[in-house]
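Engineer: Here you go, work-v8.txt (compact mmCIF, C-alpha atoms and all ligand atoms):
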```txt
# COMPACT_ATOMS: atom_id res chain seq x y z
CA MET J 532 -24.16 -5.67 4.94
CA SER J 533 -26.95 -4.46 7.21
CA ARG J 534 -26.72 -1.21 9.07
CA ALA J 535 -28.84 -0.01 11.96
CA PRO J 536 -30.79 3.18 11.18
CA THR J 537 -28.95 6.20 12.58
CA LYS J 538 -31.75 8.06 14.31
CA PRO J 539 -30.89 11.23 16.22
CA ALA J 540 -31.36 11.27 19.98
CA VAL J 541 -34.73 12.35 21.29
CA GLY J 542 -34.81 15.96 22.45
CA MET J 543 -32.48 17.41 19.84
CA ALA J 544 -33.50 20.85 18.63
CA GLN J 545 -34.96 20.94 15.10
CA GLU J 546 -31.86 22.63 13.73
CA GLN J 547 -29.57 20.04 15.32
CA ILE J 548 -31.69 17.21 13.90
CA HIS J 549 -31.47 18.74 10.44
CA ARG J 550 -27.69 19.16 10.73
CA HIS J 551 -27.35 15.57 11.96
CA ASN J 552 -29.50 14.18 9.15
CA ILE J 553 -27.89 16.14 6.31
CA GLY J 554 -24.39 15.24 7.59
CA THR J 555 -25.33 11.57 7.97
CA LEU J 556 -26.80 11.43 4.48
CA LEU J 557 -23.69 13.04 3.00
CA ARG J 558 -21.49 10.53 4.87
CA HIS J 559 -23.49 7.58 3.48
CA VAL J 560 -23.03 8.91 -0.05
CA HIS J 561 -19.38 9.86 0.50
CA LEU J 562 -18.48 6.39 1.76
CA GLY J 563 -20.99 4.29 -0.17
CA GLY J 564 -20.61 5.57 -3.74
CA SER J 565 -23.98 5.61 -5.50
CA VAL J 566 -26.76 5.08 -2.97
CA SER J 567 -30.45 5.01 -3.88
CA ARG J 568 -32.92 7.26 -2.08
CA ALA J 569 -34.73 4.10 -0.95
CA THR J 570 -31.55 2.68 0.63
CA LEU J 571 -30.82 6.01 2.33
CA ALA J 572 -34.34 6.08 3.75
CA GLU J 573 -33.90 2.55 5.10
CA ARG J 574 -30.41 3.13 6.56
CA MET J 575 -31.32 6.43 8.19
CA GLY J 576 -34.79 5.42 9.38
CA LEU J 577 -36.39 8.41 7.61
CA ASN J 578 -39.24 8.62 5.12
CA ARG J 579 -38.59 9.17 1.42
CA SER J 580 -39.89 12.73 1.33
CA THR J 581 -37.42 13.76 4.06
CA ILE J 582 -34.61 12.07 2.10
CA MET J 583 -35.73 13.90 -1.03
CA ALA J 584 -35.65 17.26 0.78
CA LEU J 585 -32.16 16.57 2.20
CA THR J 586 -30.71 15.45 -1.15
CA SER J 587 -32.22 18.53 -2.82
CA GLU J 588 -30.43 20.76 -0.31
CA LEU J 589 -27.12 18.94 -0.81
CA GLY J 590 -27.67 19.08 -4.57
CA ALA J 591 -28.34 22.84 -4.48
CA ALA J 592 -25.14 23.27 -2.42
CA GLY J 593 -23.23 21.44 -5.18
CA LEU J 594 -22.20 18.42 -3.09
CA VAL J 595 -24.30 15.62 -4.64
CA ARG J 596 -25.97 14.73 -7.90
CA GLU J 597 -28.97 12.51 -8.55
CA ALA J 598 -29.37 10.17 -11.48
CA PRO J 599 -31.75 7.39 -12.52
CA PRO J 600 -30.38 3.87 -11.91
CA THR J 601 -28.88 2.08 -14.90
CA ASP J 602 -30.44 -1.24 -13.84
CA THR J 603 -34.20 -0.81 -14.35
CA ARG J 604 -35.15 -4.50 -14.39
CA ARG J 605 -36.70 -4.36 -10.92
CA ALA J 606 -40.43 -3.87 -10.69
CA GLY J 607 -41.94 -0.58 -9.54
CA ARG J 608 -40.79 3.00 -9.83
CA PRO J 609 -36.97 3.09 -9.74
CA SER J 610 -35.41 4.99 -6.84
CA LEU J 611 -33.01 7.78 -7.89
CA LEU J 612 -29.33 7.22 -7.14
CA VAL J 613 -27.53 9.84 -5.09
CA ARG J 614 -23.79 10.21 -5.62
CA ALA J 615 -21.10 12.61 -4.47
CA ARG J 616 -19.81 15.22 -6.92
CA PRO J 617 -16.08 14.45 -6.81
CA ASP J 618 -14.86 17.28 -9.02
CA TRP J 619 -15.98 20.24 -6.95
CA ALA J 620 -15.50 19.84 -3.19
CA TYR J 621 -12.16 18.32 -2.19
CA VAL J 622 -9.67 18.08 0.68
CA LEU J 623 -5.91 18.26 0.79
CA ALA J 624 -4.39 15.22 2.53
CA PHE J 625 -0.80 14.90 3.77
CA ASP J 626 1.13 11.87 4.97
CA VAL J 627 4.40 12.17 6.91
CA ALA J 628 5.64 8.57 6.91
CA VAL J 629 9.02 7.11 7.79
CA ASP J 630 10.30 6.95 4.22
CA ARG J 631 8.19 9.44 2.33
CA LEU J 632 6.23 12.68 2.32
CA VAL J 633 2.97 12.55 0.38
CA ALA J 634 0.35 15.14 -0.51
CA ALA J 635 -2.89 14.53 -2.37
CA ARG J 636 -6.07 16.20 -3.52
CA VAL J 637 -8.99 13.91 -2.70
CA GLY J 638 -12.51 14.56 -3.99
CA LEU J 639 -15.75 14.14 -2.10
CA GLY J 640 -16.55 10.42 -2.43
CA GLY J 641 -12.91 9.51 -1.86
CA ALA J 642 -11.43 9.68 -5.38
CA LEU J 643 -7.72 10.49 -5.38
CA LEU J 644 -7.56 13.31 -7.94
CA ASP J 645 -3.92 14.38 -7.83
CA ARG J 646 -0.82 13.59 -5.76
CA ARG J 647 2.79 14.58 -5.10
CA GLU J 648 5.38 12.46 -3.35
CA ALA J 649 8.97 12.88 -2.12
CA VAL J 650 11.40 10.38 -0.62
CA ARG J 651 12.25 11.27 2.95
CA PRO J 652 15.74 10.44 4.22
CA ARG J 653 15.83 8.43 7.44
CA ALA J 654 18.45 10.69 9.02
CA GLY J 655 15.69 12.85 10.49
CA ALA J 656 14.31 16.17 9.39
CA ASP J 657 13.37 19.35 11.19
CA LEU J 658 9.89 20.81 11.25
CA GLU J 659 10.83 23.55 8.80
CA HIS J 660 12.03 21.12 6.13
CA VAL J 661 8.99 18.83 6.39
CA VAL J 662 6.53 21.73 6.37
CA ASP J 663 8.42 23.35 3.49
CA VAL J 664 8.06 20.28 1.25
CA LEU J 665 4.43 19.65 2.20
CA ALA J 666 3.34 23.29 1.88
CA GLN J 667 4.91 23.47 -1.57
CA PHE J 668 3.10 20.29 -2.65
CA GLY J 669 -0.14 21.60 -1.12
CA ARG J 670 0.07 24.90 -2.99
CA GLN J 671 0.77 23.05 -6.26
CA LEU J 672 -2.26 20.81 -5.76
CA TYR J 673 -4.45 23.78 -4.82
CA GLU J 674 -3.37 25.77 -7.88
CA ALA J 675 -3.84 22.78 -10.22
CA ALA J 676 -7.43 22.25 -9.01
CA PRO J 677 -10.25 23.43 -11.31
CA PRO J 678 -10.82 27.16 -10.73
CA ASP J 679 -14.40 26.80 -9.50
CA SER J 680 -13.65 23.92 -7.09
CA VAL J 681 -13.48 24.37 -3.34
CA CYS J 682 -11.14 23.02 -0.67
CA VAL J 683 -13.35 22.05 2.29
CA GLY J 684 -10.73 20.75 4.71
CA ILE J 685 -7.14 19.64 5.28
CA GLY J 686 -6.00 16.47 7.05
CA ALA J 687 -2.54 15.13 7.84
CA SER J 688 -1.20 11.82 9.07
CA TYR J 689 1.96 11.83 11.17
CA CYS J 690 4.06 8.89 12.44
CA GLY J 691 4.06 9.98 16.11
CA MET J 692 1.90 10.98 19.06
CA ILE J 693 -0.41 13.87 18.24
CA ARG J 694 -2.36 16.18 20.54
CA PRO J 695 -5.95 16.28 19.28
CA GLY J 696 -7.32 19.75 18.56
CA ASP J 697 -4.22 21.67 17.51
CA GLY J 698 -2.12 19.06 15.67
CA MET J 699 0.87 19.42 18.00
CA VAL J 700 3.37 16.57 17.62
CA ARG J 701 3.99 15.69 21.27
CA PHE J 702 6.43 12.90 20.49
CA GLY J 703 7.80 11.84 17.11
CA PRO J 704 10.57 9.39 17.98
CA ASP J 705 11.53 8.76 14.38
CA MET J 706 12.49 12.40 13.71
CA GLY J 707 13.30 13.31 17.29
CA TRP J 708 10.39 15.77 17.44
CA VAL J 709 9.07 16.81 20.84
CA ASP J 710 6.26 19.37 21.10
CA GLN J 711 6.45 20.65 17.53
CA ALA J 712 3.49 22.75 16.28
CA PHE J 713 3.20 20.80 13.02
CA GLY J 714 -0.52 21.36 12.29
CA ALA J 715 -0.43 25.10 13.03
CA GLU J 716 2.76 25.65 11.05
CA LEU J 717 1.56 23.71 7.98
CA SER J 718 -1.74 25.60 8.10
CA ARG J 719 0.11 28.95 8.28
CA ARG J 720 2.41 28.07 5.38
CA LEU J 721 -0.45 26.84 3.17
CA GLY J 722 -2.23 30.15 3.78
CA LEU J 723 -5.68 28.85 2.81
CA GLY J 724 -7.39 29.98 6.02
CA ILE J 725 -8.27 26.37 6.85
CA PRO J 726 -6.90 24.58 9.93
CA VAL J 727 -4.87 21.41 9.33
CA ARG J 728 -6.29 18.49 11.34
CA VAL J 729 -3.53 16.04 12.31
CA GLY J 730 -3.84 12.44 13.45
CA ASN J 731 -1.57 9.54 14.36
CA GLU J 732 -0.86 7.39 11.29
CA ALA J 733 -2.00 4.08 12.78
CA HIS J 734 -5.20 5.60 14.21
CA LEU J 735 -6.00 7.07 10.79
CA GLY J 736 -5.01 3.83 9.03
CA ALA J 737 -7.42 1.88 11.25
CA LEU J 738 -10.30 4.25 10.47
CA ALA J 739 -9.48 4.26 6.74
CA GLU J 740 -9.46 0.45 6.58
CA GLN J 741 -12.78 0.34 8.44
CA GLN J 742 -14.40 2.96 6.19
CA ARG J 743 -12.90 2.03 2.82
CA GLY J 744 -10.64 -1.03 3.12
CA ALA J 745 -10.41 -4.53 4.54
CA GLY J 746 -12.53 -3.66 7.59
CA ILE J 747 -15.74 -2.48 5.90
CA GLY J 748 -18.70 -3.76 7.89
CA PHE J 749 -16.64 -4.54 11.03
CA GLN J 750 -17.48 -2.54 14.15
CA ASN J 751 -14.67 -4.15 16.18
CA LEU J 752 -11.25 -4.38 14.62
CA LEU J 753 -7.53 -4.14 15.28
CA TYR J 754 -5.10 -2.51 12.90
CA LEU J 755 -1.34 -2.98 13.27
CA HIS J 756 0.79 -0.59 11.26
CA GLY J 757 4.47 -1.44 10.81
CA ASP J 758 7.23 0.89 9.71
CA VAL J 759 10.44 1.13 11.73
CA GLY J 760 8.27 0.34 14.73
CA VAL J 761 4.69 -0.79 15.13
CA GLY J 762 1.70 1.49 15.72
CA GLY J 763 -1.87 0.49 16.25
CA GLY J 764 -5.50 1.42 16.01
CA ILE J 765 -8.27 -0.31 17.95
CA ILE J 766 -11.88 0.24 16.92
CA VAL J 767 -14.51 -0.87 19.41
CA GLY J 768 -18.21 -0.50 18.65
CA GLY J 769 -17.31 1.57 15.57
CA LYS J 770 -15.26 4.07 17.54
CA LEU J 771 -11.49 4.49 17.76
CA LEU J 772 -10.10 3.98 21.25
CA ASP J 773 -7.81 6.97 21.54
CA GLY J 774 -7.51 7.19 25.30
CA ASP J 775 -7.62 10.06 27.78
CA GLY J 776 -5.23 12.36 25.92
CA GLY J 777 -5.52 10.91 22.39
CA TYR J 778 -2.34 8.87 22.73
CA GLY J 779 -3.85 5.40 23.09
CA CYS J 780 -3.34 2.20 21.07
CA GLU J 781 0.46 2.22 21.29
CA LEU J 782 0.38 -1.51 20.61
CA GLY J 783 4.03 -1.49 19.59
CA HIS J 784 5.09 -0.88 23.19
CA MET J 785 3.13 -3.77 24.63
CA VAL J 786 5.81 -5.83 26.38
CA VAL J 787 5.94 -9.37 24.98
CA ASN J 788 9.50 -10.42 25.87
CA PRO J 789 10.74 -8.68 29.05
CA TYR J 790 13.48 -11.19 29.87
CA GLY J 791 16.31 -10.80 27.39
CA GLY J 792 14.17 -9.03 24.81
CA ARG J 793 15.64 -6.67 22.25
CA PRO J 794 16.09 -3.02 23.27
CA CYS J 795 13.28 -0.72 22.12
CA GLY J 796 13.51 2.88 20.95
CA CYS J 797 11.31 3.86 23.90
CA GLY J 798 14.02 2.81 26.38
CA SER J 799 12.33 -0.44 27.42
CA HIS J 800 13.15 -4.02 26.38
CA GLY J 801 11.09 -6.67 24.61
CA CYS J 802 8.33 -4.38 23.31
CA LEU J 803 6.35 -5.84 20.41
CA GLU J 804 7.94 -3.39 17.96
CA ALA J 805 11.43 -4.25 19.15
CA GLU J 806 10.71 -7.93 18.39
CA VAL J 807 8.84 -7.56 15.07
CA GLY J 808 10.00 -4.18 13.65
CA GLU J 809 12.19 -3.66 10.62
CA ARG J 810 15.52 -4.02 12.48
CA ALA J 811 14.44 -7.23 14.21
CA LEU J 812 13.62 -8.83 10.86
CA LEU J 813 16.82 -7.64 9.16
CA ASP J 814 18.97 -8.82 12.09
CA ALA J 815 17.23 -12.21 12.18
CA ALA J 816 17.89 -12.57 8.44
CA GLY J 817 21.60 -11.83 8.99
CA ARG J 818 21.57 -8.53 7.08
CA PRO J 819 24.33 -6.00 7.87
CA ALA J 820 23.51 -3.19 10.34
CA ASP J 821 23.94 -0.47 7.70
CA LEU J 822 21.16 -1.96 5.55
CA TRP J 823 17.63 -0.70 6.27
CA GLY J 824 14.45 0.51 4.65
CA ARG J 825 11.48 -0.99 2.85
CA ASP J 826 13.56 -2.37 -0.06
CA ALA J 827 15.88 -4.24 2.32
CA LEU J 828 12.84 -5.68 4.08
CA ARG J 829 11.18 -6.72 0.82
CA ALA J 830 14.44 -8.43 -0.22
CA VAL J 831 14.18 -10.68 2.86
CA VAL J 832 10.55 -11.50 1.99
CA ASP J 833 11.54 -12.25 -1.64
CA ASP J 834 14.45 -14.47 -0.50
CA ALA J 835 12.06 -16.39 1.77
CA ASP J 836 9.68 -16.88 -1.16
CA ARG J 837 12.60 -18.31 -3.16
CA GLY J 838 13.32 -20.81 -0.40
CA ASP J 839 16.23 -19.13 1.41
CA GLU J 840 16.20 -20.88 4.80
CA LEU J 841 17.69 -18.01 6.84
CA ALA J 842 15.09 -15.57 5.46
CA ARG J 843 12.30 -18.08 6.12
CA GLU J 844 13.49 -18.59 9.68
CA ALA J 845 13.57 -14.79 10.17
CA LEU J 846 9.92 -14.52 9.10
CA ARG J 847 8.98 -17.46 11.36
CA ARG J 848 10.69 -15.75 14.31
CA ILE J 849 8.94 -12.42 13.63
CA GLY J 850 5.66 -14.29 13.11
CA ASP J 851 5.90 -15.95 16.51
CA TRP J 852 6.36 -12.65 18.37
CA LEU J 853 3.69 -11.00 16.24
CA GLY J 854 1.37 -13.91 17.09
CA ILE J 855 2.00 -13.47 20.81
CA GLY J 856 1.11 -9.77 20.56
CA VAL J 857 -1.98 -10.39 18.44
CA ALA J 858 -3.18 -13.24 20.70
CA ASN J 859 -3.05 -10.88 23.71
CA LEU J 860 -4.98 -8.24 21.81
CA ILE J 861 -7.66 -10.70 20.62
CA ASN J 862 -8.18 -11.91 24.19
CA LEU J 863 -8.53 -8.29 25.34
CA PHE J 864 -10.73 -6.85 22.59
CA ASN J 865 -12.50 -9.74 20.83
CA PRO J 866 -12.17 -8.12 17.38
CA GLY J 867 -13.94 -9.45 14.28
CA MET J 868 -10.96 -8.52 12.11
CA VAL J 869 -7.22 -8.00 12.53
CA ILE J 870 -5.53 -6.01 9.75
CA PHE J 871 -1.78 -5.84 9.06
CA GLY J 872 -0.66 -2.62 7.34
CA GLY J 873 2.51 -0.73 6.44
CA MET J 874 5.56 -3.02 6.27
CA LEU J 875 3.58 -5.73 8.13
CA ARG J 876 1.60 -6.11 4.90
CA ASP J 877 4.80 -7.44 3.29
CA VAL J 878 5.82 -9.52 6.31
CA TYR J 879 2.47 -11.07 7.23
CA PRO J 880 2.03 -13.63 4.41
CA GLY J 881 5.34 -15.35 5.31
CA ALA J 882 4.66 -15.05 9.04
CA ALA J 883 0.99 -16.11 8.96
CA PRO J 884 1.47 -19.79 9.99
CA GLN J 885 3.17 -18.70 13.25
CA VAL J 886 0.56 -15.99 13.91
CA ARG J 887 -2.25 -18.51 13.38
CA HIS J 888 -0.50 -21.07 15.56
CA ARG J 889 -0.22 -18.58 18.43
CA ILE J 890 -3.88 -17.65 18.06
CA ALA J 891 -4.86 -21.33 18.09
CA THR J 892 -2.72 -21.93 21.19
CA ASN J 893 -3.10 -18.73 23.21
CA VAL J 894 -6.50 -17.24 22.43
CA LEU J 895 -9.56 -18.38 24.37
CA PRO J 896 -11.61 -20.66 22.06
CA VAL J 897 -14.77 -18.54 22.00
CA ALA J 898 -12.81 -15.38 21.16
CA ARG J 899 -11.05 -16.97 18.18
CA GLU J 900 -14.14 -18.54 16.62
CA ARG J 901 -14.91 -15.68 14.26
CA VAL J 902 -11.80 -13.52 14.10
CA ARG J 903 -10.47 -12.92 10.59
CA LEU J 904 -6.95 -11.87 9.64
CA SER J 905 -6.12 -9.74 6.61
CA THR J 906 -3.51 -7.47 5.09
CA SER J 907 -4.61 -3.88 4.50
CA ALA J 908 -6.73 -3.40 1.39
CA LEU J 909 -5.62 0.21 0.89
CA GLY J 910 -1.94 -0.72 0.82
CA ASP J 911 0.55 2.03 1.54
CA ASP J 912 -2.20 4.62 1.09
CA SER J 913 -4.20 3.61 4.18
CA THR J 914 -2.69 6.49 6.21
CA LEU J 915 -3.17 8.99 3.36
CA VAL J 916 -6.81 7.90 2.95
CA GLY J 917 -7.22 8.31 6.74
CA ALA J 918 -5.78 11.83 6.52
CA ALA J 919 -8.27 12.67 3.76
CA GLU J 920 -11.17 11.40 5.88
CA LEU J 921 -9.93 13.56 8.77
CA GLY J 922 -9.97 16.50 6.34
CA PHE J 923 -13.61 15.73 5.47
CA ALA J 924 -14.68 15.48 9.14
CA ASP J 925 -15.96 19.07 9.43
CA LEU J 926 -17.93 18.81 6.18
CA MET J 927 -19.59 15.58 7.36
CA ALA J 928 -20.42 17.09 10.77
CA ASP J 929 -22.03 20.22 9.32
CA PRO J 930 -22.04 20.30 5.50
CA LEU J 931 -23.70 23.64 4.81
CA ALA J 932 -21.90 25.70 7.48
CA THR J 933 -18.51 24.21 6.54
CA LEU J 934 -19.14 24.96 2.89
CA ALA J 935 -20.15 28.55 3.69
CA ARG J 936 -17.01 29.00 5.78
CA THR J 937 -14.58 27.52 3.24
CA THR J 938 -16.08 29.15 0.14
CA ALA J 939 -15.76 32.51 1.95
CA HIS J 940 -11.96 31.94 1.92
CA ALA J 941 -11.78 30.77 -1.70
ZN ZN F 1001 8.99 0.25 23.42
```
Could the structure of this file be written out as structure tokens, please?
Ligand SMILES: [Zn+2]
Structural biologist:
Amino acid sequence: MSRAPTKPAVGMAQEQIHRHNIGTLLRHVHLGGSVSRATLAERMGLNRSTIMALTSELGAAGLVREAPPTDTRRAGRPSLLVRARPDWAYVLAFDVAVDRLVAARVGLGGALLDRREAVRPRAGADLEHVVDVLAQFGRQLYEAAPPDSVCVGIGASYCGMIRPGDGMVRFGPDMGWVDQAFGAELSRRLGLGIPVRVGNEAHLGALAEQQRGAGIGFQNLLYLHGDVGVGGGIIVGGKLLDGDGGYGCELGHMVVNPYGGRPCGCGSHGCLEAEVGERALLDAAGRPADLWGRDALRAVVDDADRGDELAREALRRIGDWLGIGVANLINLFNPGMVIFGGMLRDVYPGAAPQVRHRIATNVLPVARERVRLSTSALGDDSTLVGAAELGFADLMADPLATLARTTAHA
């Protein structure tokens, strides 16, 4: 995989250039595992002595370690490998999903060090209950961390529309939340003096798959995240399209079947999520209305695998609507990769022939030449991994200042 050197813009003040370079280097190591000084110099377009000075600073701060490479067969002086120290700086990551509440401690470099998980009933939950469970998990993870380690950030993924900046849930249809101060309340209850950054689950899932999953190396990708409904993340030129207010990529409410389509939770008819969501699949498979959830959905997929014709037909029907939605999106955004996550990871293999047929029929030939389709590589943890990366964002933007700020609270 080749990467363009990430040179800072001309005219940056010396201090800004240094901050940019040290943050960029840390990001390369955080996402890339062990990276040699020579590779860092090449990727960042800097000379080796500058790389050496930057890694020394990060090493002195406790964030990275250097080691000689194990493979010394190549000619010449071997370039030292730089790797993140996972056991010292970490983030707390939270995931509020439709069926579960998850909390994790994730080390620099991305290793999942510890986690707690609770089943969440579908009946809905108020802010106090959700924050109560998560804050308790968060405190447990914090107290179980090695005594000399440091929490450098906190990120949370939420299945709804989030206001950037303060983590306010503007609209969480699944729990009936409107304008709930989730980020601020969780931060207050954790009491660590660190703000909780909150993002939409599908946006974070898209970024996580691009950074650590099926989308590595793709600058243009689509991520469709299914739970009860369908959320989405669109990455164009390496950046998430989040819209004017941060509420973009609501792919699930793209209208695909306006005439006689199924009613959608948003009040409209024939939205993509109404046609391919959990209820649509269960209804198409003839399951009773009081049966729902991931297990019920997996049972349909298993029945289809065993040759049950009604279950197979249900997946074909879902696949056709999914294909129509995806074909529209490919024509609009010309992605290199389309990734199916959440419950769509279970559904996609049985629905793939219909999706591919729609792409072959409805996508302009030049736009479908290179597009690849995949299920998420991070599985059900794509949103949790995205939350962790959101937690690391401040450290990557300004490693030394963030460290100084967070260690002052420890
Ligand atoms: Zn809708």
Engineer: Write out as a list in words the residues lying within 8 Å of region 763-768 of chain J, counting only C-alpha atoms and excluding same-chain residues fewer than 4 positions away.
Structural biologist: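 Once the nearby chain positions are removed, what remains is Ala733, His734, Leu735, Gly736, Ala737, Leu738, Gln750, Asn751, Leu752, Leu753, Tyr754, Leu755, His756, Leu772, Cys780, Glu781, Leu782, Gly783, Phe864 and Pro866 of chain J.
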Engineer: Mind writing the picked residues with C-alpha atoms as a short mmCIF file (atom, residue, chain, number, x, y, z; two decimals), in the coordinates of the input?
Structural biologist:
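To be explicit, this is the file written out as selection17.cif:
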```cif
data_model
loop_
_atom_site.label_atom_id
_atom_site.label_comp_id
_atom_site.auth_asym_id
_atom_site.auth_seq_id
_atom_site.Cartn_x
_atom_site.Cartn_y
_atom_site.Cartn_z
CA ALA J 733 -2.00 4.08 12.78
CA HIS J 734 -5.20 5.60 14.21
CA LEU J 735 -6.00 7.07 10.79
CA GLY J 736 -5.01 3.83 9.03
CA ALA J 737 -7.42 1.88 11.25
CA LEU J 738 -10.30 4.25 10.47
CA GLN J 750 -17.48 -2.54 14.15
CA ASN J 751 -14.67 -4.15 16.18
CA LEU J 752 -11.25 -4.38 14.62
CA LEU J 753 -7.53 -4.14 15.28
CA TYR J 754 -5.10 -2.51 12.90
CA LEU J 755 -1.34 -2.98 13.27
CA HIS J 756 0.79 -0.59 11.26
CA LEU J 772 -10.10 3.98 21.25
CA CYS J 780 -3.34 2.20 21.07
CA GLU J 781 0.46 2.22 21.29
CA LEU J 782 0.38 -1.51 20.61
CA GLY J 783 4.03 -1.49 19.59
CA PHE J 864 -10.73 -6.85 22.59
CA PRO J 866 -12.17 -8.12 17.38
#
```
Engineer: Find the residues of chain J that sit at most 6 Å from ligand ZN 1001 (chain F); for each, write down the nearest two atoms and how far apart they are in Å, to one decimal. Count only C-alpha atoms and all ligand atoms. Sort by chain, then by number going up, and give it as a tab-separated table.
Structural biologist:
```
residue	atom	partner	partner_atom	distance
J:His784	CA	F:ZN1001	ZN	4.1
J:Cys795	CA	F:ZN1001	ZN	4.6
J:Gly796	CA	F:ZN1001	ZN	5.8
J:Cys797	CA	F:ZN1001	ZN	4.3
J:Ser799	CA	F:ZN1001	ZN	5.3
J:Cys802	CA	F:ZN1001	ZN	4.7
```
Engineer: Using Å and a single decimal, report how far CA of Ala827 (chain J) sits from CA of Arg646 (chain J).
Structural biologist: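 Here the two named atoms are 25.7 Å from each other.
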Engineer: Can you pull out the residues contacting region 550-557 of chain J? Cut-off 9 Å, using all atoms listed in the file, and skip same-chain residues under 6 positions away; I want them as a PDB file with C-alpha atoms, keeping the file's coordinate frame.
Structural biologist:
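Generated output (result-v1.pdb):
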```
ATOM      1  CA  THR J 537     -28.950   6.200  12.580  1.00  0.00           C
ATOM      2  CA  LYS J 538     -31.750   8.060  14.310  1.00  0.00           C
ATOM      3  CA  PRO J 539     -30.890  11.230  16.220  1.00  0.00           C
ATOM      4  CA  LEU J 571     -30.820   6.010   2.330  1.00  0.00           C
ATOM      5  CA  MET J 575     -31.320   6.430   8.190  1.00  0.00           C
ATOM      6  CA  ILE J 582     -34.610  12.070   2.100  1.00  0.00           C
ATOM      7  CA  LEU J 585     -32.160  16.570   2.200  1.00  0.00           C
ATOM      8  CA  THR J 586     -30.710  15.450  -1.150  1.00  0.00           C
ATOM      9  CA  GLU J 588     -30.430  20.760  -0.310  1.00  0.00           C
ATOM     10  CA  LEU J 589     -27.120  18.940  -0.810  1.00  0.00           C
ATOM     11  CA  LEU J 594     -22.200  18.420  -3.090  1.00  0.00           C
ATOM     12  CA  VAL J 595     -24.300  15.620  -4.640  1.00  0.00           C
ATOM     13  CA  ALA J 615     -21.100  12.610  -4.470  1.00  0.00           C
ATOM     14  CA  LEU J 926     -17.930  18.810   6.180  1.00  0.00           C
ATOM     15  CA  MET J 927     -19.590  15.580   7.360  1.00  0.00           C
ATOM     16  CA  ALA J 928     -20.420  17.090  10.770  1.00  0.00           C
ATOM     17  CA  ASP J 929     -22.030  20.220   9.320  1.00  0.00           C
ATOM     18  CA  PRO J 930     -22.040  20.300   5.500  1.00  0.00           C
ATOM     19  CA  LEU J 931     -23.700  23.640   4.810  1.00  0.00           C
TER      20      LEU J 931
END
```
Engineer: J:Glu674, J:Asn578, J:Gly777, J:Lys770: which is nearest Gly698 (chain J), counting only C-alpha atoms?
Structural biologist: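 Smallest distance to Gly698 (chain J) is found for J:Gly777.
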